[in-house]
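What follows is the content of query.txt, which has compact mmCIF, N, CA and C atoms:
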```txt
# COMPACT_ATOMS: atom_id res chain seq x y z
N THR A 1 -20.15 -34.19 -27.96
CA THR A 1 -19.98 -35.56 -27.48
C THR A 1 -21.10 -36.43 -28.05
N SER A 2 -20.84 -37.70 -28.11
CA SER A 2 -21.86 -38.62 -28.63
C SER A 2 -22.65 -39.22 -27.47
N LEU A 3 -23.84 -39.71 -27.77
CA LEU A 3 -24.66 -40.34 -26.74
C LEU A 3 -23.97 -41.56 -26.16
N LEU A 4 -23.26 -42.31 -27.00
CA LEU A 4 -22.59 -43.51 -26.52
C LEU A 4 -21.53 -43.19 -25.48
N SER A 5 -20.83 -42.07 -25.64
CA SER A 5 -19.77 -41.72 -24.68
C SER A 5 -20.34 -41.27 -23.34
N GLU A 6 -21.61 -40.91 -23.30
CA GLU A 6 -22.24 -40.46 -22.06
C GLU A 6 -22.83 -41.60 -21.24
N LEU A 7 -22.89 -42.81 -21.80
CA LEU A 7 -23.45 -43.94 -21.08
C LEU A 7 -22.48 -44.43 -20.01
N PRO A 8 -23.00 -44.87 -18.86
CA PRO A 8 -22.13 -45.37 -17.80
C PRO A 8 -21.69 -46.82 -18.02
N PHE A 9 -21.97 -47.37 -19.18
CA PHE A 9 -21.60 -48.75 -19.50
C PHE A 9 -21.31 -48.82 -20.99
N THR A 10 -20.69 -49.88 -21.40
CA THR A 10 -20.43 -50.10 -22.82
C THR A 10 -21.54 -50.98 -23.36
N PRO A 11 -22.37 -50.44 -24.26
CA PRO A 11 -23.49 -51.24 -24.78
C PRO A 11 -23.00 -52.36 -25.70
N SER A 12 -23.75 -53.43 -25.70
CA SER A 12 -23.48 -54.54 -26.59
C SER A 12 -24.72 -54.75 -27.44
N PHE A 13 -24.57 -54.68 -28.75
CA PHE A 13 -25.70 -54.80 -29.65
C PHE A 13 -25.72 -56.17 -30.30
N ILE A 14 -26.89 -56.75 -30.38
CA ILE A 14 -27.07 -58.02 -31.07
C ILE A 14 -27.54 -57.69 -32.49
N THR A 15 -26.77 -58.11 -33.47
CA THR A 15 -27.13 -57.84 -34.85
C THR A 15 -26.90 -59.10 -35.68
N HIS A 16 -27.46 -59.12 -36.85
CA HIS A 16 -27.17 -60.20 -37.79
C HIS A 16 -27.30 -59.65 -39.20
N ARG A 17 -26.51 -60.21 -40.10
CA ARG A 17 -26.40 -59.63 -41.44
C ARG A 17 -27.66 -59.77 -42.28
N ALA A 18 -28.56 -60.64 -41.91
CA ALA A 18 -29.78 -60.83 -42.70
C ALA A 18 -30.95 -60.00 -42.17
N ASP A 19 -30.65 -59.03 -41.32
CA ASP A 19 -31.71 -58.23 -40.72
C ASP A 19 -32.47 -57.47 -41.81
N ILE A 20 -33.77 -57.40 -41.65
CA ILE A 20 -34.62 -56.64 -42.55
C ILE A 20 -34.74 -55.25 -41.94
N HIS A 21 -34.37 -54.24 -42.67
CA HIS A 21 -34.31 -52.89 -42.13
C HIS A 21 -35.60 -52.13 -42.33
N GLN A 22 -35.74 -51.07 -41.54
CA GLN A 22 -36.93 -50.24 -41.56
C GLN A 22 -37.22 -49.74 -42.96
N GLY A 23 -38.49 -49.76 -43.29
CA GLY A 23 -38.94 -49.12 -44.50
C GLY A 23 -38.95 -49.98 -45.74
N ASN A 24 -38.34 -51.16 -45.71
CA ASN A 24 -38.37 -51.91 -46.96
C ASN A 24 -39.56 -52.85 -46.98
N GLY A 25 -39.67 -53.78 -46.04
CA GLY A 25 -40.82 -54.66 -45.97
C GLY A 25 -41.05 -55.52 -47.21
N LYS A 26 -40.08 -55.56 -48.08
CA LYS A 26 -40.22 -56.34 -49.31
C LYS A 26 -39.10 -57.35 -49.40
N MET A 27 -39.49 -58.62 -49.45
CA MET A 27 -38.50 -59.70 -49.51
C MET A 27 -37.62 -59.59 -50.75
N ILE A 28 -38.16 -59.11 -51.85
CA ILE A 28 -37.41 -59.10 -53.10
C ILE A 28 -36.15 -58.24 -52.98
N LYS A 29 -36.23 -57.12 -52.21
CA LYS A 29 -35.05 -56.27 -52.02
C LYS A 29 -33.95 -57.04 -51.30
N SER A 30 -34.31 -57.79 -50.28
CA SER A 30 -33.31 -58.56 -49.54
C SER A 30 -32.78 -59.71 -50.38
N MET A 31 -33.64 -60.30 -51.19
CA MET A 31 -33.19 -61.40 -52.05
C MET A 31 -32.19 -60.90 -53.08
N LYS A 32 -32.36 -59.68 -53.56
CA LYS A 32 -31.40 -59.10 -54.51
C LYS A 32 -30.06 -58.85 -53.84
N ARG A 33 -30.07 -58.70 -52.50
CA ARG A 33 -28.82 -58.52 -51.76
C ARG A 33 -28.20 -59.87 -51.38
N GLY A 34 -28.80 -60.97 -51.81
CA GLY A 34 -28.21 -62.28 -51.60
C GLY A 34 -28.81 -63.09 -50.46
N PHE A 35 -29.91 -62.64 -49.89
CA PHE A 35 -30.53 -63.38 -48.81
C PHE A 35 -31.66 -64.24 -49.36
N SER A 36 -31.75 -65.46 -48.88
CA SER A 36 -32.80 -66.37 -49.35
C SER A 36 -34.08 -66.12 -48.55
N PRO A 37 -35.21 -66.61 -49.04
CA PRO A 37 -36.45 -66.52 -48.25
C PRO A 37 -36.29 -67.19 -46.87
N ASP A 38 -35.50 -68.25 -46.79
CA ASP A 38 -35.25 -68.89 -45.49
C ASP A 38 -34.51 -67.95 -44.55
N ASP A 39 -33.51 -67.22 -45.06
CA ASP A 39 -32.77 -66.24 -44.25
C ASP A 39 -33.73 -65.18 -43.70
N ILE A 40 -34.61 -64.71 -44.57
CA ILE A 40 -35.53 -63.65 -44.18
C ILE A 40 -36.53 -64.15 -43.14
N MET A 41 -37.04 -65.37 -43.32
CA MET A 41 -37.98 -65.92 -42.34
C MET A 41 -37.29 -66.17 -41.01
N LEU A 42 -36.05 -66.67 -41.05
CA LEU A 42 -35.30 -66.88 -39.82
C LEU A 42 -35.07 -65.55 -39.10
N SER A 43 -34.75 -64.53 -39.86
CA SER A 43 -34.57 -63.20 -39.28
C SER A 43 -35.85 -62.73 -38.59
N THR A 44 -36.95 -62.83 -39.30
CA THR A 44 -38.24 -62.37 -38.77
C THR A 44 -38.63 -63.13 -37.51
N MET A 45 -38.52 -64.44 -37.53
CA MET A 45 -38.92 -65.25 -36.38
C MET A 45 -37.99 -65.07 -35.19
N SER A 46 -36.68 -64.92 -35.45
CA SER A 46 -35.75 -64.74 -34.33
C SER A 46 -35.98 -63.39 -33.66
N VAL A 47 -36.26 -62.35 -34.46
CA VAL A 47 -36.53 -61.03 -33.88
C VAL A 47 -37.85 -61.07 -33.10
N LEU A 48 -38.86 -61.73 -33.63
CA LEU A 48 -40.13 -61.85 -32.92
C LEU A 48 -39.93 -62.58 -31.60
N HIS A 49 -39.19 -63.67 -31.62
CA HIS A 49 -38.90 -64.43 -30.40
C HIS A 49 -38.18 -63.55 -29.38
N PHE A 50 -37.17 -62.84 -29.84
CA PHE A 50 -36.39 -61.96 -28.97
C PHE A 50 -37.29 -60.89 -28.34
N GLN A 51 -38.17 -60.28 -29.15
CA GLN A 51 -39.04 -59.21 -28.66
C GLN A 51 -40.09 -59.72 -27.67
N LEU A 52 -40.55 -60.95 -27.85
CA LEU A 52 -41.56 -61.50 -26.93
C LEU A 52 -40.97 -61.82 -25.56
N TYR A 53 -39.66 -61.86 -25.45
CA TYR A 53 -39.00 -62.13 -24.18
C TYR A 53 -38.66 -60.85 -23.41
N SER A 54 -39.00 -59.70 -23.93
CA SER A 54 -38.64 -58.45 -23.26
C SER A 54 -39.71 -58.04 -22.24
N GLN A 55 -39.30 -57.21 -21.30
CA GLN A 55 -40.25 -56.69 -20.32
C GLN A 55 -40.86 -55.38 -20.77
N ASN A 56 -40.15 -54.67 -21.64
CA ASN A 56 -40.64 -53.41 -22.19
C ASN A 56 -40.30 -53.40 -23.68
N THR A 57 -41.24 -52.96 -24.47
CA THR A 57 -41.02 -52.91 -25.91
C THR A 57 -41.48 -51.56 -26.44
N VAL A 58 -40.60 -50.92 -27.18
CA VAL A 58 -40.92 -49.67 -27.86
C VAL A 58 -40.77 -49.96 -29.34
N GLY A 59 -41.79 -49.63 -30.12
CA GLY A 59 -41.74 -49.94 -31.54
C GLY A 59 -42.33 -48.84 -32.40
N ASN A 60 -42.07 -48.95 -33.66
CA ASN A 60 -42.57 -48.04 -34.66
C ASN A 60 -43.96 -48.51 -35.07
N CYS A 61 -44.99 -47.81 -34.63
CA CYS A 61 -46.36 -48.25 -34.91
C CYS A 61 -46.79 -47.99 -36.35
N CYS A 62 -45.90 -47.46 -37.18
CA CYS A 62 -46.16 -47.40 -38.63
C CYS A 62 -45.88 -48.76 -39.25
N SER A 63 -45.12 -49.57 -38.54
CA SER A 63 -44.67 -50.86 -39.04
C SER A 63 -45.70 -51.95 -38.79
N HIS A 64 -46.02 -52.70 -39.84
CA HIS A 64 -46.96 -53.82 -39.67
C HIS A 64 -46.37 -54.88 -38.74
N PHE A 65 -45.04 -55.06 -38.79
CA PHE A 65 -44.39 -56.02 -37.90
C PHE A 65 -44.60 -55.64 -36.44
N HIS A 66 -44.40 -54.35 -36.11
CA HIS A 66 -44.59 -53.93 -34.72
C HIS A 66 -46.05 -53.97 -34.31
N ALA A 67 -46.96 -53.69 -35.23
CA ALA A 67 -48.39 -53.80 -34.92
C ALA A 67 -48.73 -55.25 -34.56
N LEU A 68 -48.22 -56.19 -35.32
CA LEU A 68 -48.44 -57.60 -35.03
C LEU A 68 -47.80 -57.98 -33.70
N LEU A 69 -46.57 -57.53 -33.47
CA LEU A 69 -45.87 -57.80 -32.21
C LEU A 69 -46.69 -57.29 -31.02
N PHE A 70 -47.20 -56.05 -31.11
CA PHE A 70 -47.98 -55.49 -30.00
C PHE A 70 -49.28 -56.25 -29.81
N ASP A 71 -49.89 -56.74 -30.88
CA ASP A 71 -51.09 -57.59 -30.74
C ASP A 71 -50.75 -58.85 -29.95
N PHE A 72 -49.62 -59.47 -30.27
CA PHE A 72 -49.18 -60.66 -29.53
C PHE A 72 -48.97 -60.33 -28.05
N LEU A 73 -48.27 -59.22 -27.77
CA LEU A 73 -47.98 -58.84 -26.39
C LEU A 73 -49.27 -58.57 -25.61
N ARG A 74 -50.17 -57.83 -26.21
CA ARG A 74 -51.43 -57.47 -25.54
C ARG A 74 -52.35 -58.68 -25.36
N SER A 75 -52.10 -59.72 -26.14
CA SER A 75 -52.89 -60.96 -26.01
C SER A 75 -52.26 -61.92 -25.01
N GLY A 76 -51.16 -61.52 -24.37
CA GLY A 76 -50.53 -62.35 -23.36
C GLY A 76 -49.51 -63.33 -23.88
N CYS A 77 -49.04 -63.14 -25.11
CA CYS A 77 -48.08 -64.09 -25.69
C CYS A 77 -46.64 -63.83 -25.25
N GLY A 78 -46.36 -62.70 -24.63
CA GLY A 78 -45.00 -62.40 -24.20
C GLY A 78 -44.71 -62.96 -22.83
N VAL A 79 -43.44 -62.93 -22.45
CA VAL A 79 -43.02 -63.41 -21.13
C VAL A 79 -43.59 -62.54 -20.02
N SER A 80 -43.56 -61.21 -20.23
CA SER A 80 -44.07 -60.29 -19.23
C SER A 80 -45.53 -59.95 -19.54
N THR A 81 -46.40 -60.21 -18.58
CA THR A 81 -47.82 -59.89 -18.79
C THR A 81 -48.07 -58.38 -18.74
N LYS A 82 -47.10 -57.61 -18.22
CA LYS A 82 -47.25 -56.16 -18.14
C LYS A 82 -46.78 -55.45 -19.40
N ASN A 83 -46.07 -56.15 -20.28
CA ASN A 83 -45.56 -55.54 -21.50
C ASN A 83 -46.68 -55.41 -22.51
N GLN A 84 -47.13 -54.20 -22.72
CA GLN A 84 -48.20 -53.92 -23.68
C GLN A 84 -47.66 -53.29 -24.95
N GLY A 85 -46.39 -52.93 -24.95
CA GLY A 85 -45.79 -52.25 -26.09
C GLY A 85 -46.12 -50.77 -26.08
N LYS A 86 -45.20 -49.97 -26.55
CA LYS A 86 -45.41 -48.53 -26.61
C LYS A 86 -44.94 -48.03 -27.97
N CYS A 87 -45.74 -47.20 -28.58
CA CYS A 87 -45.40 -46.65 -29.90
C CYS A 87 -44.41 -45.51 -29.77
N MET A 88 -43.42 -45.50 -30.64
CA MET A 88 -42.48 -44.39 -30.66
C MET A 88 -43.21 -43.08 -30.94
N GLN A 89 -44.29 -43.14 -31.69
CA GLN A 89 -45.04 -41.95 -32.04
C GLN A 89 -45.70 -41.31 -30.82
N SER A 90 -45.92 -42.07 -29.75
CA SER A 90 -46.61 -41.53 -28.58
C SER A 90 -45.66 -41.09 -27.47
N ILE A 91 -44.36 -41.25 -27.67
CA ILE A 91 -43.38 -40.82 -26.68
C ILE A 91 -43.23 -39.30 -26.78
N GLY A 92 -43.21 -38.62 -25.65
CA GLY A 92 -43.15 -37.16 -25.65
C GLY A 92 -41.86 -36.57 -26.18
N ASP A 93 -40.77 -37.32 -26.18
CA ASP A 93 -39.48 -36.81 -26.62
C ASP A 93 -39.38 -36.86 -28.14
N PRO A 94 -39.19 -35.69 -28.80
CA PRO A 94 -39.16 -35.68 -30.27
C PRO A 94 -37.98 -36.45 -30.86
N HIS A 95 -36.98 -36.78 -30.07
CA HIS A 95 -35.85 -37.58 -30.57
C HIS A 95 -36.32 -38.95 -31.03
N PHE A 96 -37.44 -39.41 -30.48
CA PHE A 96 -37.94 -40.75 -30.79
C PHE A 96 -39.13 -40.75 -31.74
N HIS A 97 -39.58 -39.58 -32.17
CA HIS A 97 -40.74 -39.53 -33.05
C HIS A 97 -40.40 -40.11 -34.41
N VAL A 98 -41.18 -41.07 -34.83
CA VAL A 98 -41.06 -41.63 -36.17
C VAL A 98 -42.32 -41.22 -36.91
N CYS A 99 -42.14 -40.59 -38.03
CA CYS A 99 -43.29 -40.15 -38.82
C CYS A 99 -43.62 -41.22 -39.86
N CYS A 100 -44.86 -41.65 -39.86
CA CYS A 100 -45.30 -42.62 -40.86
C CYS A 100 -45.35 -41.94 -42.22
N GLU A 101 -44.94 -42.66 -43.24
CA GLU A 101 -44.96 -42.14 -44.60
C GLU A 101 -44.38 -40.74 -44.66
N ARG A 102 -43.08 -40.65 -44.39
CA ARG A 102 -42.41 -39.35 -44.31
C ARG A 102 -42.70 -38.44 -45.50
N ARG A 103 -42.66 -38.99 -46.69
CA ARG A 103 -42.91 -38.16 -47.88
C ARG A 103 -44.38 -37.76 -47.95
N GLY A 104 -45.26 -38.64 -47.51
CA GLY A 104 -46.69 -38.36 -47.58
C GLY A 104 -47.22 -37.60 -46.39
N ASN A 105 -46.38 -37.39 -45.36
CA ASN A 105 -46.83 -36.71 -44.15
C ASN A 105 -45.79 -35.67 -43.72
N PRO A 106 -45.56 -34.63 -44.54
CA PRO A 106 -44.53 -33.65 -44.19
C PRO A 106 -44.87 -32.84 -42.94
N ILE A 107 -46.15 -32.77 -42.56
CA ILE A 107 -46.53 -32.01 -41.36
C ILE A 107 -45.89 -32.64 -40.13
N CYS A 108 -45.90 -33.95 -40.03
CA CYS A 108 -45.30 -34.65 -38.89
C CYS A 108 -43.80 -34.35 -38.82
N VAL A 109 -43.12 -34.44 -39.95
CA VAL A 109 -41.67 -34.18 -39.98
C VAL A 109 -41.38 -32.74 -39.59
N ARG A 110 -42.15 -31.80 -40.12
CA ARG A 110 -41.94 -30.38 -39.78
C ARG A 110 -42.17 -30.14 -38.30
N LYS A 111 -43.25 -30.71 -37.75
CA LYS A 111 -43.56 -30.51 -36.33
C LYS A 111 -42.43 -31.07 -35.45
N ARG A 112 -41.98 -32.29 -35.76
CA ARG A 112 -40.90 -32.91 -34.99
C ARG A 112 -39.62 -32.07 -35.09
N ASP A 113 -39.27 -31.65 -36.29
CA ASP A 113 -38.04 -30.87 -36.47
C ASP A 113 -38.14 -29.51 -35.78
N GLU A 114 -39.33 -28.90 -35.74
CA GLU A 114 -39.51 -27.63 -35.02
C GLU A 114 -39.26 -27.82 -33.52
N GLU A 115 -39.74 -28.95 -32.97
CA GLU A 115 -39.51 -29.24 -31.55
C GLU A 115 -38.01 -29.41 -31.28
N LEU A 116 -37.31 -30.10 -32.18
CA LEU A 116 -35.87 -30.30 -32.02
C LEU A 116 -35.11 -28.98 -32.15
N LYS A 117 -35.53 -28.11 -33.06
CA LYS A 117 -34.89 -26.80 -33.22
C LYS A 117 -35.03 -25.99 -31.94
N SER A 118 -36.20 -26.11 -31.30
CA SER A 118 -36.44 -25.41 -30.04
C SER A 118 -35.54 -25.96 -28.93
N ILE A 119 -35.42 -27.26 -28.85
CA ILE A 119 -34.58 -27.89 -27.82
C ILE A 119 -33.12 -27.49 -27.98
N TYR A 120 -32.61 -27.53 -29.22
CA TYR A 120 -31.19 -27.30 -29.48
C TYR A 120 -30.86 -25.84 -29.78
N GLY A 121 -31.88 -25.00 -29.97
CA GLY A 121 -31.63 -23.61 -30.30
C GLY A 121 -30.89 -23.45 -31.62
N ASP A 122 -31.10 -24.38 -32.52
CA ASP A 122 -30.40 -24.38 -33.81
C ASP A 122 -31.45 -24.42 -34.92
N PRO A 123 -31.54 -23.37 -35.73
CA PRO A 123 -32.57 -23.35 -36.78
C PRO A 123 -32.33 -24.36 -37.91
N ASN A 124 -31.15 -24.96 -37.96
CA ASN A 124 -30.83 -25.89 -39.04
C ASN A 124 -30.89 -27.36 -38.63
N VAL A 125 -31.23 -27.64 -37.38
CA VAL A 125 -31.20 -29.02 -36.89
C VAL A 125 -32.38 -29.83 -37.44
N THR A 126 -32.11 -31.09 -37.77
CA THR A 126 -33.15 -32.05 -38.15
C THR A 126 -32.84 -33.35 -37.42
N LEU A 127 -33.81 -34.23 -37.35
CA LEU A 127 -33.58 -35.52 -36.69
C LEU A 127 -32.48 -36.29 -37.41
N ASP A 128 -32.47 -36.24 -38.74
CA ASP A 128 -31.46 -36.99 -39.50
C ASP A 128 -30.04 -36.51 -39.18
N ASN A 129 -29.81 -35.19 -39.15
CA ASN A 129 -28.44 -34.77 -38.85
C ASN A 129 -28.10 -34.91 -37.37
N LEU A 130 -29.10 -34.91 -36.49
CA LEU A 130 -28.82 -35.19 -35.06
C LEU A 130 -28.40 -36.63 -34.85
N GLN A 131 -29.03 -37.55 -35.56
CA GLN A 131 -28.66 -38.97 -35.42
C GLN A 131 -27.21 -39.16 -35.84
N LEU A 132 -26.80 -38.54 -36.92
CA LEU A 132 -25.41 -38.66 -37.36
C LEU A 132 -24.46 -38.06 -36.33
N LYS A 133 -24.84 -36.92 -35.78
CA LYS A 133 -24.01 -36.20 -34.82
C LYS A 133 -23.91 -36.97 -33.49
N ASN A 134 -25.03 -37.48 -33.00
CA ASN A 134 -25.05 -38.10 -31.67
C ASN A 134 -24.48 -39.51 -31.64
N TRP A 135 -24.65 -40.26 -32.71
CA TRP A 135 -24.18 -41.63 -32.68
C TRP A 135 -22.88 -41.78 -33.42
```

This structure in structure tokens:
Amino acid sequence: TSLLSELPFTPSFITHRADIHQGNGKMIKSMKRGFSPDDIMLSTMSVLHFQLYSQNTVGNCCSHFHALLFDFLRSGCGVSTKNQGKCMQSIGDPHFHVCCERRGNPICVRKRDEELKSIYGDPNVTLDNLQLKNW
């Protein structure tokens, strides 16, 4: 079964086609896909605005964007004064572990995948194939 089928509600996701995805961080890649610098700035500012209105924020602390967001939250710029932000890397559940510089840090990936193999009792499981399977 998928994780979505186990939820007691139907989730609604807010997305937009000019979203800047994890790991690129380079405007030129998005511009080659047809997005203007204005599209990219609008995307960045709208996501920042959206995140500052949350009561809880979980982010990838490998990301400079999330580091900046957490600095804003910890400085009191968010709606909730209790929202300090939490790094995915510090969450105990290996399903949420994001390894910084995956190619440059294979120890993190191996450790995370070993934890997942233990949970699932499957010697071939990895986070990548679990994401495909679960979602």

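Comparing A:Ser118, A:Thr126, A:Ser12, A:Thr57 by their smallest distance to Cys87 in chain A, the closest is A:Thr57 (using only N, CA and C atoms).
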
DSSP on the backbone: which residues in range 5-133 of chain A end up as alpha helix (DSSP H)? Give the answer as a short mmCIF file (atom, residue, chain, number, x, y, z; two decimals) with N, CA and C atoms, in the coordinates of the input.
```cif
data_model
loop_
_atom_site.label_atom_id
_atom_site.label_comp_id
_atom_site.auth_asym_id
_atom_site.auth_seq_id
_atom_site.Cartn_x
_atom_site.Cartn_y
_atom_site.Cartn_z
N SER A 5 -20.83 -42.07 -25.64
CA SER A 5 -19.77 -41.72 -24.68
C SER A 5 -20.34 -41.27 -23.34
N GLU A 6 -21.61 -40.91 -23.30
CA GLU A 6 -22.24 -40.46 -22.06
C GLU A 6 -22.83 -41.60 -21.24
N MET A 27 -39.49 -58.62 -49.45
CA MET A 27 -38.50 -59.70 -49.51
C MET A 27 -37.62 -59.59 -50.75
N ILE A 28 -38.16 -59.11 -51.85
CA ILE A 28 -37.41 -59.10 -53.10
C ILE A 28 -36.15 -58.24 -52.98
N LYS A 29 -36.23 -57.12 -52.21
CA LYS A 29 -35.05 -56.27 -52.02
C LYS A 29 -33.95 -57.04 -51.30
N SER A 30 -34.31 -57.79 -50.28
CA SER A 30 -33.31 -58.56 -49.54
C SER A 30 -32.78 -59.71 -50.38
N MET A 31 -33.64 -60.30 -51.19
CA MET A 31 -33.19 -61.40 -52.05
C MET A 31 -32.19 -60.90 -53.08
N LYS A 32 -32.36 -59.68 -53.56
CA LYS A 32 -31.40 -59.10 -54.51
C LYS A 32 -30.06 -58.85 -53.84
N PRO A 37 -35.21 -66.61 -49.04
CA PRO A 37 -36.45 -66.52 -48.25
C PRO A 37 -36.29 -67.19 -46.87
N ASP A 38 -35.50 -68.25 -46.79
CA ASP A 38 -35.25 -68.89 -45.49
C ASP A 38 -34.51 -67.95 -44.55
N ASP A 39 -33.51 -67.22 -45.06
CA ASP A 39 -32.77 -66.24 -44.25
C ASP A 39 -33.73 -65.18 -43.70
N ILE A 40 -34.61 -64.71 -44.57
CA ILE A 40 -35.53 -63.65 -44.18
C ILE A 40 -36.53 -64.15 -43.14
N MET A 41 -37.04 -65.37 -43.32
CA MET A 41 -37.98 -65.92 -42.34
C MET A 41 -37.29 -66.17 -41.01
N LEU A 42 -36.05 -66.67 -41.05
CA LEU A 42 -35.30 -66.88 -39.82
C LEU A 42 -35.07 -65.55 -39.10
N SER A 43 -34.75 -64.53 -39.86
CA SER A 43 -34.57 -63.20 -39.28
C SER A 43 -35.85 -62.73 -38.59
N THR A 44 -36.95 -62.83 -39.30
CA THR A 44 -38.24 -62.37 -38.77
C THR A 44 -38.63 -63.13 -37.51
N MET A 45 -38.52 -64.44 -37.53
CA MET A 45 -38.92 -65.25 -36.38
C MET A 45 -37.99 -65.07 -35.19
N SER A 46 -36.68 -64.92 -35.45
CA SER A 46 -35.75 -64.74 -34.33
C SER A 46 -35.98 -63.39 -33.66
N VAL A 47 -36.26 -62.35 -34.46
CA VAL A 47 -36.53 -61.03 -33.88
C VAL A 47 -37.85 -61.07 -33.10
N LEU A 48 -38.86 -61.73 -33.63
CA LEU A 48 -40.13 -61.85 -32.92
C LEU A 48 -39.93 -62.58 -31.60
N HIS A 49 -39.19 -63.67 -31.62
CA HIS A 49 -38.90 -64.43 -30.40
C HIS A 49 -38.18 -63.55 -29.38
N PHE A 50 -37.17 -62.84 -29.84
CA PHE A 50 -36.39 -61.96 -28.97
C PHE A 50 -37.29 -60.89 -28.34
N GLN A 51 -38.17 -60.28 -29.15
CA GLN A 51 -39.04 -59.21 -28.66
C GLN A 51 -40.09 -59.72 -27.67
N LEU A 52 -40.55 -60.95 -27.85
CA LEU A 52 -41.56 -61.50 -26.93
C LEU A 52 -40.97 -61.82 -25.56
N HIS A 64 -46.02 -52.70 -39.84
CA HIS A 64 -46.96 -53.82 -39.67
C HIS A 64 -46.37 -54.88 -38.74
N PHE A 65 -45.04 -55.06 -38.79
CA PHE A 65 -44.39 -56.02 -37.90
C PHE A 65 -44.60 -55.64 -36.44
N HIS A 66 -44.40 -54.35 -36.11
CA HIS A 66 -44.59 -53.93 -34.72
C HIS A 66 -46.05 -53.97 -34.31
N ALA A 67 -46.96 -53.69 -35.23
CA ALA A 67 -48.39 -53.80 -34.92
C ALA A 67 -48.73 -55.25 -34.56
N LEU A 68 -48.22 -56.19 -35.32
CA LEU A 68 -48.44 -57.60 -35.03
C LEU A 68 -47.80 -57.98 -33.70
N LEU A 69 -46.57 -57.53 -33.47
CA LEU A 69 -45.87 -57.80 -32.21
C LEU A 69 -46.69 -57.29 -31.02
N PHE A 70 -47.20 -56.05 -31.11
CA PHE A 70 -47.98 -55.49 -30.00
C PHE A 70 -49.28 -56.25 -29.81
N ASP A 71 -49.89 -56.74 -30.88
CA ASP A 71 -51.09 -57.59 -30.74
C ASP A 71 -50.75 -58.85 -29.95
N PHE A 72 -49.62 -59.47 -30.27
CA PHE A 72 -49.18 -60.66 -29.53
C PHE A 72 -48.97 -60.33 -28.05
N LEU A 73 -48.27 -59.22 -27.77
CA LEU A 73 -47.98 -58.84 -26.39
C LEU A 73 -49.27 -58.57 -25.61
N ARG A 74 -50.17 -57.83 -26.21
CA ARG A 74 -51.43 -57.47 -25.54
C ARG A 74 -52.35 -58.68 -25.36
N PRO A 106 -45.56 -34.63 -44.54
CA PRO A 106 -44.53 -33.65 -44.19
C PRO A 106 -44.87 -32.84 -42.94
N ILE A 107 -46.15 -32.77 -42.56
CA ILE A 107 -46.53 -32.01 -41.36
C ILE A 107 -45.89 -32.64 -40.13
N CYS A 108 -45.90 -33.95 -40.03
CA CYS A 108 -45.30 -34.65 -38.89
C CYS A 108 -43.80 -34.35 -38.82
N VAL A 109 -43.12 -34.44 -39.95
CA VAL A 109 -41.67 -34.18 -39.98
C VAL A 109 -41.38 -32.74 -39.59
N ARG A 110 -42.15 -31.80 -40.12
CA ARG A 110 -41.94 -30.38 -39.78
C ARG A 110 -42.17 -30.14 -38.30
N LYS A 111 -43.25 -30.71 -37.75
CA LYS A 111 -43.56 -30.51 -36.33
C LYS A 111 -42.43 -31.07 -35.45
N ARG A 112 -41.98 -32.29 -35.76
CA ARG A 112 -40.90 -32.91 -34.99
C ARG A 112 -39.62 -32.07 -35.09
N ASP A 113 -39.27 -31.65 -36.29
CA ASP A 113 -38.04 -30.87 -36.47
C ASP A 113 -38.14 -29.51 -35.78
N GLU A 114 -39.33 -28.90 -35.74
CA GLU A 114 -39.51 -27.63 -35.02
C GLU A 114 -39.26 -27.82 -33.52
N GLU A 115 -39.74 -28.95 -32.97
CA GLU A 115 -39.51 -29.24 -31.55
C GLU A 115 -38.01 -29.41 -31.28
N LEU A 116 -37.31 -30.10 -32.18
CA LEU A 116 -35.87 -30.30 -32.02
C LEU A 116 -35.11 -28.98 -32.15
N LYS A 117 -35.53 -28.11 -33.06
CA LYS A 117 -34.89 -26.80 -33.22
C LYS A 117 -35.03 -25.99 -31.94
N SER A 118 -36.20 -26.11 -31.30
CA SER A 118 -36.44 -25.41 -30.04
C SER A 118 -35.54 -25.96 -28.93
N ILE A 119 -35.42 -27.26 -28.85
CA ILE A 119 -34.58 -27.89 -27.82
C ILE A 119 -33.12 -27.49 -27.98
N TYR A 120 -32.61 -27.53 -29.22
CA TYR A 120 -31.19 -27.30 -29.48
C TYR A 120 -30.86 -25.84 -29.78
N LEU A 127 -33.81 -34.23 -37.35
CA LEU A 127 -33.58 -35.52 -36.69
C LEU A 127 -32.48 -36.29 -37.41
N ASP A 128 -32.47 -36.24 -38.74
CA ASP A 128 -31.46 -36.99 -39.50
C ASP A 128 -30.04 -36.51 -39.18
N ASN A 129 -29.81 -35.19 -39.15
CA ASN A 129 -28.44 -34.77 -38.85
C ASN A 129 -28.10 -34.91 -37.37
N LEU A 130 -29.10 -34.91 -36.49
CA LEU A 130 -28.82 -35.19 -35.06
C LEU A 130 -28.40 -36.63 -34.85
N GLN A 131 -29.03 -37.55 -35.56
CA GLN A 131 -28.66 -38.97 -35.42
C GLN A 131 -27.21 -39.16 -35.84
N LEU A 132 -26.80 -38.54 -36.92
CA LEU A 132 -25.41 -38.66 -37.36
C LEU A 132 -24.46 -38.06 -36.33
N LYS A 133 -24.84 -36.92 -35.78
CA LYS A 133 -24.01 -36.20 -34.82
C LYS A 133 -23.91 -36.97 -33.49
#
```

*asked:* What's around range 62-77 of chain A at 7 Å? Count all atoms listed in the file, leave out sequence neighbours fewer than 2 positions away in its own chain, and write the answer as a VMD selection string.
replied: chain A and resid 52 59 to 60 79 to 81 83 to 85 99 to 101

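Using all atoms listed in the file, the nearest neighbour of Glu115 in chain A within the list A:Asn56, A:Pro94, A:Pro37, A:Leu42 is A:Pro94.
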
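One finds CA of Ser5 in chain A at 23.8 Å from CA of Gly92 in chain A.
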
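For the pair atom C of His95 in chain A and atom N of Glu114 in chain A, the interatomic distance is 11.5 Å.
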